[in-house]
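Right, one structure below, let's go through it.
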Amino acid sequence: MSVLELDAVVGGYGDTQILHGVSMKVDPGEIVVIIGPNGAGKSTAMKAVFGLLNLSDGKVSLDGEDITNMPPEQVVRHGVCYVPQTSNIFPSLTVEENLEMGAFVREDDFRPRLLELYEVFPPLAEKRKQAAGTLSGGQRQMVAMAKAMMLEPKILLLDEPTAGLSPKYRGEIFSIVKTVNATGTPILMVEQNAKQALKIANRGYVLVDGKNKYQGSGQDLLDDPEVAEMFLGGGAAA
Amino acid sequence: MIEFLNFYLIPGLVLGSIYALGAIGITLTFSILRFANFAHGETMLLGVYITWSLVQFSGLHPLVVLPVAAMLTVLAVLVIDRAFYKPFRTSPTIMVVIASFGMMLMVRSVVQFFWGVQLKGMTPGIQRPMVFFDSLRISPKHVTIIGATLVLMLAVHYLLSRTKIGKAMRAMSDSPELAKLTGIDTEKVIRMTWIVGGALATAAGVFLAIDTHIDTNMGFKMLLPMFAAAILGGIGRPFGAVAGGLIIGVVEEISSYPWIGTEPLLNPGYKAGVAFAIMIAMLLWRPSGLFKGKVF
């Protein structure tokens with residue numbers, strides 16, 4: 001059974017329809033990437049999972065359970081963690097306090113999990129007492145991801161984790177995504193840097209105008225001349 | 001010099017402590033619930049009258065009944081939040097600001113209706129000041145007020161930096177949207193904000209009543225200096241509010257010291273204008289306050 005499944009989802013904000021029937025799924029252990037041109041509804045599709053927009057039709061299910069239009073604070077409790085593209089950390093809290101807030105809904109002791117994540121993100125262990133707002137862009141992104149991972153979610157949603165980062169940090173973030181995934185957490189990710197993202201992805205979806213356009217394994221999409229031409233900046237995979 | 005200490009600086013610190021306690025509630029509500037709470041002075045007023053009644057009833061010292069009075073006041077504030085502010089949680093800010101303005105008038109009227117409008121005293125009699133080094137005179141009530149303020153501030157510091165709910169309050173003040181996405185129980189955080197704000201307002205009001213007297217306009221008169229203190233310190237910075245309160249209290253008092261010649265520099269009748277002037281100046285030149293608060 002898929003961890004997450006969107007079935008012909010239709011919806012948007014207020015009267016503006018953005019998604020016109022989007023379907024996708026994430027299986028256990030996968031990294032799935034959503035790519036597509038600006039305004040295709042990539043981030044919106046992700047927000048649909050998290051209860052951040054009104055769905056007029058279609059269905060979202062998590063481990064087979066219907067979570068369509070469930071409000072975000074409930075979706076979190078069901079084991080979905082979402083890292084927004086911007087303002088995804090609490091800047092005036094220390095790194096450790098950010099992670100502690102990530103564990104807010106946990107009733108048990110979160111300390112062991114904290115130590116585990118410090119091993120996955122060594123730079124954060126070093127800066128645990130520092131205000132998160134003073135870190136570099138790449139390290140903030142680490143805080144945001146680690147904070148989301150505190151809940152040991154069933155699935156992690158990342159909205160353009162490399163947006164605005166230098167190429168050096170981009171590579172670092174992608175390798176962190178792989179590391180996090182290797183601990184067993186499936187990941188659904190929206191990315192502008194499509195080529196790099198597809199290289200680490202098991203599968204990818206190309207959205208255009210709020211609809212599915214192409215889908216396939218990361219490598220298939222990279223090799224597809226049409227996809228390459230339209231969305232990967234021309235030419236076949238480098 | 002000793003006259004400056006006895007009659008200007010120490011009263012300034014006492015007044016400043018009272019402003020500081022009130023301003024913590026203002027700054028927390030402003031940054032967590034995102035609105036300027038005009039009814040905060042009236043929370044103080046309600047707390048004072050509840051304390052007065054408990055003192056009349058029990059014959060105990062106001063500071064002894066203060067915890068009970070604070071609890072009752074907090075209860076009233078939570079009921080007000082549930083009934084009058086919660087329906088506006090997702091509305092534009094201006095609506096809840098106006099609602100708080102309405103609450104201000106309603107609470108004051110309720111107090112005037114049940115307790116009357118005549119002046120009252122919290123503690124009877126005049127205290128003899130304690131004398132240090134033959135000339136430094138401090139009244140015991142001033143020592144109590146400054147000491148109790150210190151204790152309360154340490155408690156606030158502990159809450160915000162050591163407890164889960166306190167950290168969640170700071171998180172929500174950073175970003176309410178992210179707090180929700182993170183799964184933080186925002187309603188619980190809001191309740192805690194009212195509890196802290198209401199309890200500190202009660203304490204501030206009772207300290208003011210011990211220092212001076214009780215009248216039904218005291219809350220409203222405190223509103224401007226409390227806002228000025230919160231803005232001076234930076235919105236969302238509780239310790240900024242404390243610094244702001246102390247600065248405004250001290251500046252208000254020493255503004256009437258005869259700095260030049262023998263006349264007061266500023267006629268004491270204009271004292272209240274000092275807080276206003278500081279607030280306007282900060283809003284014009286440094287709206288983020290001394291400690292980099294939020295600007296809305």
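Letters A, B, ... go to the chains of the structure tokens in the order shown; residues in each chain start at 1; ligands are counted from 1 in the same order.
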
From the DSSP assignment of the backbone, select every residue of segment 9-223 of chain B that is strand (DSSP E), and format the answer as a list of chain:residue names.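 Across segment 9-223 of chain B, those assigned strand (DSSP E) are B:Met130, B:Val131, B:Phe132, B:Leu136, B:Arg137, B:Ile138.
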
Just-selected residues, N, CA and C atoms written as a PDB file, in the first residue's frame:
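Output (result-v2.pdb):
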```pdb
ATOM      1  N   MET B 130      12.409  53.273  56.006  1.00  0.00           N
ATOM      2  CA  MET B 130      13.626  52.751  56.613  1.00  0.00           C
ATOM      3  C   MET B 130      14.752  53.692  56.206  1.00  0.00           C
ATOM      4  N   VAL B 131      15.645  53.953  57.148  1.00  0.00           N
ATOM      5  CA  VAL B 131      16.725  54.893  56.852  1.00  0.00           C
ATOM      6  C   VAL B 131      18.056  54.148  56.800  1.00  0.00           C
ATOM      7  N   PHE B 132      18.764  54.331  55.680  1.00  0.00           N
ATOM      8  CA  PHE B 132      20.094  53.723  55.538  1.00  0.00           C
ATOM      9  C   PHE B 132      21.138  54.822  55.471  1.00  0.00           C
ATOM     10  N   LEU B 136      19.619  57.867  53.358  1.00  0.00           N
ATOM     11  CA  LEU B 136      18.895  57.202  52.277  1.00  0.00           C
ATOM     12  C   LEU B 136      17.612  56.611  52.847  1.00  0.00           C
ATOM     13  N   ARG B 137      16.493  57.132  52.429  1.00  0.00           N
ATOM     14  CA  ARG B 137      15.215  56.706  53.003  1.00  0.00           C
ATOM     15  C   ARG B 137      14.436  55.883  51.976  1.00  0.00           C
ATOM     16  N   ILE B 138      14.125  54.648  52.380  1.00  0.00           N
ATOM     17  CA  ILE B 138      13.302  53.832  51.493  1.00  0.00           C
ATOM     18  C   ILE B 138      12.116  53.323  52.287  1.00  0.00           C
TER      19      ILE B 138
END
```

Could you list, as a ChimeraX atom specification, every residue within 9 Å of Gly102 of chain A, counting only C-alpha atoms and ignoring same-chain residues fewer than 6 positions away? /A:144,146-151 /B:182-184

Check which residues of chain B sit at most 9 Å from chain A using only C-alpha atoms, and return one row each with the closest pair of atoms and their distance in Å to one decimal, ordered by chain and rising number, as a tab-separated table.
```
residue	atom	partner	partner_atom	distance
B:Lys164	CA	A:Met101	CA	7.9
B:Lys167	CA	A:Glu97	CA	7.1
B:Ala168	CA	A:Met101	CA	6.7
B:Arg170	CA	A:Leu93	CA	7.3
B:Ala171	CA	A:Phe90	CA	5.8
B:Met172	CA	A:Phe90	CA	8.4
B:Ser173	CA	A:Phe90	CA	9.0
B:Asp174	CA	A:Phe90	CA	5.8
B:Ser175	CA	A:Phe90	CA	6.8
B:Leu178	CA	A:Asn88	CA	6.5
B:Ala179	CA	A:Met101	CA	8.4
B:Lys180	CA	A:Glu73	CA	6.0
B:Leu181	CA	A:Pro72	CA	6.0
B:Thr182	CA	A:Gly102	CA	5.9
B:Gly183	CA	A:Glu73	CA	4.9
B:Ile184	CA	A:Phe104	CA	5.8
B:Asp185	CA	A:Glu73	CA	7.9
```

Only C-alpha atoms, please: the residues just picked out, written as an mmCIF file, in the first residue's frame.
```
data_model
loop_
_atom_site.group_PDB
_atom_site.id
_atom_site.type_symbol
_atom_site.label_atom_id
_atom_site.label_comp_id
_atom_site.auth_asym_id
_atom_site.auth_seq_id
_atom_site.Cartn_x
_atom_site.Cartn_y
_atom_site.Cartn_z
ATOM 1 C CA LYS B 164 7.847 23.669 26.794
ATOM 2 C CA LYS B 167 9.207 28.064 24.330
ATOM 3 C CA ALA B 168 6.037 27.498 22.310
ATOM 4 C CA ARG B 170 8.214 32.385 21.817
ATOM 5 C CA ALA B 171 7.821 30.179 18.751
ATOM 6 C CA MET B 172 4.319 31.463 18.121
ATOM 7 C CA SER B 173 5.523 35.011 18.574
ATOM 8 C CA ASP B 174 8.123 34.302 15.844
ATOM 9 C CA SER B 175 5.601 32.842 13.427
ATOM 10 C CA LEU B 178 4.728 27.883 11.314
ATOM 11 C CA ALA B 179 3.611 27.172 14.887
ATOM 12 C CA LYS B 180 0.400 25.707 13.473
ATOM 13 C CA LEU B 181 2.199 23.701 10.781
ATOM 14 C CA THR B 182 4.510 22.346 13.460
ATOM 15 C CA GLY B 183 1.559 21.018 15.415
ATOM 16 C CA ILE B 184 1.906 23.423 18.334
ATOM 17 C CA ASP B 185 -1.402 23.704 20.180
#
```

Residues within 12 Å of segment 220-223 of chain B, only C-alpha atoms, excluding chain neighbours under 4 positions, as a PyMOL selection string: chain B and resi 15-16+18-23+25-26+36-46+101+104-105+107-108+201+204-205+208-209+214-216+227-230+245+248-249+271-273+275-276

Using backbone DSSP assignments, extract all helix (DSSP H, G or I) residues from segment 33-272 of chain B; output them as an mmCIF file with C-alpha atoms, in the first residue's frame.
```
data_model
loop_
_atom_site.group_PDB
_atom_site.id
_atom_site.type_symbol
_atom_site.label_atom_id
_atom_site.label_comp_id
_atom_site.auth_asym_id
_atom_site.auth_seq_id
_atom_site.Cartn_x
_atom_site.Cartn_y
_atom_site.Cartn_z
ATOM 1 C CA HIS B 40 -5.031 45.454 29.503
ATOM 2 C CA GLY B 41 -5.305 48.420 31.881
ATOM 3 C CA GLU B 42 -8.764 47.229 32.811
ATOM 4 C CA THR B 43 -7.433 43.737 33.573
ATOM 5 C CA MET B 44 -5.221 45.510 36.058
ATOM 6 C CA LEU B 45 -8.201 47.445 37.432
ATOM 7 C CA LEU B 46 -10.298 44.308 37.864
ATOM 8 C CA GLY B 47 -7.386 42.602 39.623
ATOM 9 C CA VAL B 48 -7.037 45.518 42.028
ATOM 10 C CA TYR B 49 -10.726 45.553 42.989
ATOM 11 C CA ILE B 50 -10.834 41.801 43.439
ATOM 12 C CA THR B 51 -7.778 42.090 45.688
ATOM 13 C CA TRP B 52 -9.396 44.945 47.623
ATOM 14 C CA SER B 53 -12.512 42.864 48.255
ATOM 15 C CA LEU B 54 -10.463 39.872 49.361
ATOM 16 C CA VAL B 55 -8.512 42.109 51.751
ATOM 17 C CA GLN B 56 -11.756 43.528 53.193
ATOM 18 C CA PHE B 57 -13.174 40.060 53.533
ATOM 19 C CA SER B 58 -10.164 38.295 55.030
ATOM 20 C CA PRO B 62 -2.828 42.498 49.934
ATOM 21 C CA LEU B 63 0.305 40.563 48.945
ATOM 22 C CA VAL B 64 -1.022 37.483 50.746
ATOM 23 C CA VAL B 65 -4.302 37.470 48.837
ATOM 24 C CA LEU B 66 -2.617 38.524 45.576
ATOM 25 C CA PRO B 67 -2.215 34.953 44.223
ATOM 26 C CA VAL B 68 -5.916 34.221 44.744
ATOM 27 C CA ALA B 69 -6.907 37.566 43.222
ATOM 28 C CA ALA B 70 -4.614 36.910 40.247
ATOM 29 C CA MET B 71 -6.258 33.530 39.697
ATOM 30 C CA LEU B 72 -9.748 35.036 39.737
ATOM 31 C CA THR B 73 -8.656 37.818 37.389
ATOM 32 C CA VAL B 74 -7.067 35.315 35.008
ATOM 33 C CA LEU B 75 -10.297 33.344 35.046
ATOM 34 C CA ALA B 76 -12.238 36.466 34.035
ATOM 35 C CA VAL B 77 -9.722 37.214 31.274
ATOM 36 C CA LEU B 78 -9.980 33.656 29.910
ATOM 37 C CA VAL B 79 -13.764 33.945 29.831
ATOM 38 C CA ILE B 80 -13.451 37.277 28.001
ATOM 39 C CA ASP B 81 -11.045 35.725 25.485
ATOM 40 C CA ARG B 82 -13.360 32.808 24.847
ATOM 41 C CA ALA B 83 -16.448 34.982 24.461
ATOM 42 C CA PHE B 84 -15.167 38.151 22.770
ATOM 43 C CA TYR B 85 -11.778 37.577 21.125
ATOM 44 C CA LYS B 86 -11.825 33.961 19.971
ATOM 45 C CA PRO B 87 -14.561 34.563 17.376
ATOM 46 C CA PHE B 88 -12.179 37.080 15.746
ATOM 47 C CA THR B 93 -6.592 42.559 13.375
ATOM 48 C CA ILE B 94 -8.539 45.791 13.543
ATOM 49 C CA MET B 95 -11.682 43.898 14.567
ATOM 50 C CA VAL B 96 -10.151 42.376 17.662
ATOM 51 C CA VAL B 97 -8.487 45.697 18.536
ATOM 52 C CA ILE B 98 -11.903 47.353 18.485
ATOM 53 C CA ALA B 99 -13.318 44.449 20.488
ATOM 54 C CA SER B 100 -10.638 45.040 23.127
ATOM 55 C CA PHE B 101 -11.531 48.736 23.141
ATOM 56 C CA GLY B 102 -15.119 47.741 23.841
ATOM 57 C CA MET B 103 -13.981 45.384 26.602
ATOM 58 C CA MET B 104 -12.039 48.233 28.154
ATOM 59 C CA LEU B 105 -15.209 50.296 28.491
ATOM 60 C CA MET B 106 -17.299 47.346 29.625
ATOM 61 C CA VAL B 107 -14.926 46.100 32.308
ATOM 62 C CA ARG B 108 -14.448 49.591 33.716
ATOM 63 C CA SER B 109 -18.213 50.130 33.847
ATOM 64 C CA VAL B 110 -18.733 46.790 35.555
ATOM 65 C CA VAL B 111 -16.134 47.706 38.171
ATOM 66 C CA GLN B 112 -17.717 51.131 38.692
ATOM 67 C CA PHE B 113 -21.148 49.538 38.978
ATOM 68 C CA PHE B 114 -20.198 46.949 41.603
ATOM 69 C CA TRP B 115 -17.524 48.752 43.588
ATOM 70 C CA PRO B 140 9.223 49.299 53.195
ATOM 71 C CA LYS B 141 6.442 49.134 50.622
ATOM 72 C CA HIS B 142 8.879 50.244 47.948
ATOM 73 C CA VAL B 143 11.306 47.519 48.935
ATOM 74 C CA THR B 144 8.439 45.022 48.743
ATOM 75 C CA ILE B 145 7.338 46.233 45.325
ATOM 76 C CA ILE B 146 10.800 46.159 43.773
ATOM 77 C CA GLY B 147 11.577 42.790 45.371
ATOM 78 C CA ALA B 148 8.302 41.191 44.279
ATOM 79 C CA THR B 149 8.786 42.543 40.768
ATOM 80 C CA LEU B 150 12.209 40.917 40.602
ATOM 81 C CA VAL B 151 10.782 37.579 41.694
ATOM 82 C CA LEU B 152 7.999 37.758 39.101
ATOM 83 C CA MET B 153 10.453 38.636 36.351
ATOM 84 C CA LEU B 154 12.639 35.660 37.227
ATOM 85 C CA ALA B 155 9.537 33.484 37.067
ATOM 86 C CA VAL B 156 8.672 34.842 33.605
ATOM 87 C CA HIS B 157 12.228 34.246 32.479
ATOM 88 C CA TYR B 158 12.086 30.670 33.717
ATOM 89 C CA LEU B 159 8.760 30.080 31.992
ATOM 90 C CA LEU B 160 9.882 31.437 28.625
ATOM 91 C CA SER B 161 13.320 29.863 28.506
ATOM 92 C CA ARG B 162 12.894 26.544 30.330
ATOM 93 C CA LYS B 164 7.847 23.669 26.794
ATOM 94 C CA ILE B 165 4.811 25.960 26.797
ATOM 95 C CA GLY B 166 7.031 29.018 27.286
ATOM 96 C CA LYS B 167 9.207 28.064 24.330
ATOM 97 C CA ALA B 168 6.037 27.498 22.310
ATOM 98 C CA MET B 169 4.960 31.037 23.253
ATOM 99 C CA ARG B 170 8.214 32.385 21.817
ATOM 100 C CA ALA B 171 7.821 30.179 18.751
ATOM 101 C CA MET B 172 4.319 31.463 18.121
ATOM 102 C CA SER B 173 5.523 35.011 18.574
ATOM 103 C CA ASP B 174 8.123 34.302 15.844
ATOM 104 C CA PRO B 176 2.004 31.816 14.195
ATOM 105 C CA GLU B 177 1.682 30.075 10.799
ATOM 106 C CA LEU B 178 4.728 27.883 11.314
ATOM 107 C CA ALA B 179 3.611 27.172 14.887
ATOM 108 C CA LYS B 180 0.400 25.707 13.473
ATOM 109 C CA LEU B 181 2.199 23.701 10.781
ATOM 110 C CA THR B 182 4.510 22.346 13.460
ATOM 111 C CA THR B 186 -1.899 27.406 19.470
ATOM 112 C CA GLU B 187 -5.025 27.720 21.615
ATOM 113 C CA LYS B 188 -3.091 26.400 24.596
ATOM 114 C CA VAL B 189 -0.337 28.939 23.917
ATOM 115 C CA ILE B 190 -2.941 31.704 23.745
ATOM 116 C CA ARG B 191 -4.423 30.608 27.075
ATOM 117 C CA MET B 192 -0.986 30.666 28.667
ATOM 118 C CA THR B 193 -0.402 34.160 27.283
ATOM 119 C CA TRP B 194 -3.582 35.394 28.967
ATOM 120 C CA ILE B 195 -2.642 33.655 32.204
ATOM 121 C CA VAL B 196 0.795 35.291 32.338
ATOM 122 C CA GLY B 197 -0.495 38.692 31.179
ATOM 123 C CA GLY B 198 -3.474 38.650 33.544
ATOM 124 C CA ALA B 199 -1.484 37.567 36.594
ATOM 125 C CA LEU B 200 1.256 40.153 36.026
ATOM 126 C CA ALA B 201 -1.332 42.888 35.388
ATOM 127 C CA THR B 202 -2.997 42.054 38.706
ATOM 128 C CA ALA B 203 0.356 42.251 40.465
ATOM 129 C CA ALA B 204 1.204 45.559 38.778
ATOM 130 C CA GLY B 205 -2.180 47.019 39.713
ATOM 131 C CA VAL B 206 -1.941 45.899 43.327
ATOM 132 C CA PHE B 207 1.585 47.319 43.632
ATOM 133 C CA LEU B 208 0.332 50.623 42.257
ATOM 134 C CA ALA B 209 -2.594 50.545 44.698
ATOM 135 C CA ILE B 210 -0.232 49.864 47.615
ATOM 136 C CA ASP B 211 1.982 52.744 46.490
ATOM 137 C CA MET B 218 -6.115 53.816 37.309
ATOM 138 C CA GLY B 219 -6.065 51.137 34.618
ATOM 139 C CA PHE B 220 -6.689 53.579 31.829
ATOM 140 C CA LYS B 221 -4.004 55.927 33.130
ATOM 141 C CA MET B 222 -1.520 53.049 33.048
ATOM 142 C CA LEU B 223 -2.338 52.096 29.477
ATOM 143 C CA LEU B 224 -0.226 54.722 27.722
ATOM 144 C CA PRO B 225 2.974 54.224 29.729
ATOM 145 C CA MET B 226 2.595 50.433 29.417
ATOM 146 C CA PHE B 227 2.288 50.653 25.638
ATOM 147 C CA ALA B 228 5.187 53.105 25.556
ATOM 148 C CA ALA B 229 7.280 50.647 27.576
ATOM 149 C CA ALA B 230 6.383 47.730 25.300
ATOM 150 C CA ILE B 231 7.247 49.733 22.183
ATOM 151 C CA LEU B 232 10.439 51.138 23.695
ATOM 152 C CA GLY B 233 11.630 47.633 24.499
ATOM 153 C CA PRO B 238 9.389 40.659 27.378
ATOM 154 C CA PHE B 239 12.714 41.797 28.794
ATOM 155 C CA GLY B 240 12.680 44.743 26.458
ATOM 156 C CA ALA B 241 9.334 45.632 28.017
ATOM 157 C CA VAL B 242 10.920 45.428 31.466
ATOM 158 C CA ALA B 243 13.778 47.706 30.414
ATOM 159 C CA GLY B 244 11.278 50.009 28.696
ATOM 160 C CA GLY B 245 9.093 50.150 31.810
ATOM 161 C CA LEU B 246 12.006 50.971 34.087
ATOM 162 C CA ILE B 247 13.330 53.639 31.713
ATOM 163 C CA ILE B 248 9.941 55.308 31.347
ATOM 164 C CA GLY B 249 9.228 55.162 35.088
ATOM 165 C CA VAL B 250 12.585 56.683 35.967
ATOM 166 C CA VAL B 251 12.507 59.303 33.193
ATOM 167 C CA GLU B 252 8.986 60.375 34.197
ATOM 168 C CA GLU B 253 10.086 60.924 37.784
ATOM 169 C CA ILE B 254 13.430 62.583 37.148
ATOM 170 C CA PRO B 268 5.101 67.356 37.469
ATOM 171 C CA GLY B 269 1.669 67.883 35.906
ATOM 172 C CA TYR B 270 3.201 67.023 32.544
ATOM 173 C CA LYS B 271 4.787 63.753 33.735
ATOM 174 C CA ALA B 272 2.358 61.641 31.745
#
```

Find the spatial neighbours of segment 43-46 of chain A, counting only C-alpha atoms, within a cut-off of 8 Å - ignore same-chain residues fewer than 2 positions away - and output them as a ChimeraX atom specification. /A:12,18-19,22,41,48-50,53,157,159,190

I'd like the contact shell of Lys42 of chain A - 9 Å cut-off, only C-alpha atoms, skipping same-chain residues fewer than 3 positions apart - returned as a count of residues only. 16
